[in-house]
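Heads up: the structure comes next, in structure tokens.
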Amino acid sequence: MKREGRKDILLGTLDLLILRVVSAGPKHGYAIARRIEQMSDDVLSVQQGSLYPALHRLEKKAFIKSEWLTGETNKPVKTYTLTKDGQRQLADEISHWKLVSAAINAIIDVE
């Protein structure tokens, strides 16, 4: 279901989405943003002004770690990998999201 003009990511979900994408393997910033778009069938979009502060925040909390690697164009790219603490955080955030989204759906579905 694509909706023009509604590509903003819900407040508080960006960390969850980043952790989920990085859980599949190391990714650089642009690849993380692009993967979120792809996985959401282009419903969600992550702007650089939101993505990079979130990546720094997650790295500071030790949920992800970064490493400079040589990219496809032989230029260095900073890649992000999920840590063990990040795996636990991802599981917690998924559980919380499922609980909250079920509660919201219960309210929306009342007729």
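Following the order of the structure tokens, first chain is A, next is B, and so on, with residues numbered from 1 inside each chain and ligands from 1 in the order they appear.
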
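Near stretch 24-40 of chain A, within 6 Å and counting only C-alpha atoms, sit Ser45, Val46, Lys78, Thr79, Tyr80 and Thr81 of chain A; same-chain residues fewer than 5 positions away were not included.
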
The selected residues should be written to file as a compact mmCIF listing (two decimals), in the first residue's frame (atoms: C-alpha atoms).
```txt
# COMPACT_ATOMS: atom_id res chain seq x y z
CA SER A 45 12.17 6.80 3.48
CA VAL A 46 15.11 7.70 5.71
CA LYS A 78 32.04 3.14 6.99
CA THR A 79 30.06 -0.04 7.55
CA TYR A 80 27.91 -0.91 10.55
CA THR A 81 27.50 -4.31 12.19
```

Item to complete: Determine which residues of stretch 3-111 of chain A receive a DSSP assignment of helix (DSSP H, G or I), computed from the backbone, and state them as a ChimeraX atom specification.
Response: /A:14-22,29-39,48-60,84-108

Just the selected residues (C-alpha atoms), exported as an mmCIF file, in the first residue's frame, please.
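Dumped to out_10.cif:
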```
data_model
loop_
_atom_site.group_PDB
_atom_site.id
_atom_site.type_symbol
_atom_site.label_atom_id
_atom_site.label_comp_id
_atom_site.auth_asym_id
_atom_site.auth_seq_id
_atom_site.Cartn_x
_atom_site.Cartn_y
_atom_site.Cartn_z
ATOM 1 C CA LEU A 14 14.143 4.378 13.218
ATOM 2 C CA ASP A 15 16.447 2.613 15.684
ATOM 3 C CA LEU A 16 14.378 -0.562 15.365
ATOM 4 C CA LEU A 17 14.503 -0.424 11.563
ATOM 5 C CA ILE A 18 18.258 0.218 11.483
ATOM 6 C CA LEU A 19 18.961 -2.628 13.903
ATOM 7 C CA ARG A 20 16.773 -4.963 11.846
ATOM 8 C CA VAL A 21 18.518 -4.098 8.579
ATOM 9 C CA VAL A 22 22.005 -4.372 10.078
ATOM 10 C CA GLY A 29 24.699 4.209 5.694
ATOM 11 C CA TYR A 30 23.292 4.615 2.186
ATOM 12 C CA ALA A 31 22.706 0.843 1.933
ATOM 13 C CA ILE A 32 20.805 0.902 5.246
ATOM 14 C CA ALA A 33 18.525 3.700 4.042
ATOM 15 C CA ARG A 34 17.983 2.031 0.679
ATOM 16 C CA ARG A 35 17.230 -1.362 2.282
ATOM 17 C CA ILE A 36 14.579 0.208 4.540
ATOM 18 C CA GLU A 37 12.968 1.685 1.432
ATOM 19 C CA GLN A 38 13.125 -1.644 -0.406
ATOM 20 C CA MET A 39 11.799 -3.705 2.502
ATOM 21 C CA GLN A 48 20.505 11.488 5.912
ATOM 22 C CA GLY A 49 19.700 14.101 8.544
ATOM 23 C CA SER A 50 17.913 11.404 10.551
ATOM 24 C CA LEU A 51 19.970 8.347 9.604
ATOM 25 C CA TYR A 52 23.468 9.417 10.600
ATOM 26 C CA PRO A 53 22.541 10.814 14.039
ATOM 27 C CA ALA A 54 20.670 7.543 14.689
ATOM 28 C CA LEU A 55 23.706 5.497 13.621
ATOM 29 C CA HIS A 56 25.959 7.526 15.933
ATOM 30 C CA ARG A 57 23.462 7.136 18.791
ATOM 31 C CA LEU A 58 23.264 3.359 18.290
ATOM 32 C CA GLU A 59 27.043 3.111 18.099
ATOM 33 C CA LYS A 60 27.443 5.138 21.292
ATOM 34 C CA LYS A 84 25.535 -8.862 20.839
ATOM 35 C CA ASP A 85 23.984 -6.027 22.866
ATOM 36 C CA GLY A 86 22.368 -4.869 19.634
ATOM 37 C CA GLN A 87 20.887 -8.325 19.057
ATOM 38 C CA ARG A 88 19.295 -8.218 22.515
ATOM 39 C CA GLN A 89 18.066 -4.669 21.939
ATOM 40 C CA LEU A 90 16.570 -5.655 18.588
ATOM 41 C CA ALA A 91 14.672 -8.537 20.181
ATOM 42 C CA ASP A 92 13.375 -6.221 22.923
ATOM 43 C CA GLU A 93 12.321 -3.556 20.420
ATOM 44 C CA ILE A 94 10.539 -6.100 18.195
ATOM 45 C CA SER A 95 8.607 -7.429 21.211
ATOM 46 C CA HIS A 96 7.672 -3.903 22.258
ATOM 47 C CA TRP A 97 6.646 -2.946 18.707
ATOM 48 C CA LYS A 98 4.393 -5.995 18.404
ATOM 49 C CA LEU A 99 2.732 -5.185 21.739
ATOM 50 C CA VAL A 100 2.177 -1.507 20.872
ATOM 51 C CA SER A 101 1.036 -2.148 17.297
ATOM 52 C CA ALA A 102 -1.455 -4.787 18.504
ATOM 53 C CA ALA A 103 -2.860 -2.295 20.995
ATOM 54 C CA ILE A 104 -3.156 0.398 18.326
ATOM 55 C CA ASN A 105 -4.805 -2.064 15.927
ATOM 56 C CA ALA A 106 -7.298 -3.032 18.655
ATOM 57 C CA ILE A 107 -8.277 0.623 18.998
ATOM 58 C CA ILE A 108 -8.435 1.244 15.240
#
```

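Separating atom CA of A:Glu72 from atom CA of A:Gln47 is a distance of 22.5 Å.
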
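When atom CA of A:Pro76 is paired with atom CA of A:Leu44, their separation reads 27.5 Å.
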
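For the atom pair formed by atom CA of A:Glu67 and atom CA of A:Thr83, the distance is 12.4 Å, given to one decimal.
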
Worksheet item: So which bits of stretch 12-108 of chain A end up strand (DSSP E or B) when you DSSP the backbone, as an MDAnalysis selection string?
Response: chainID A and resid 27:28 64:70 76:82
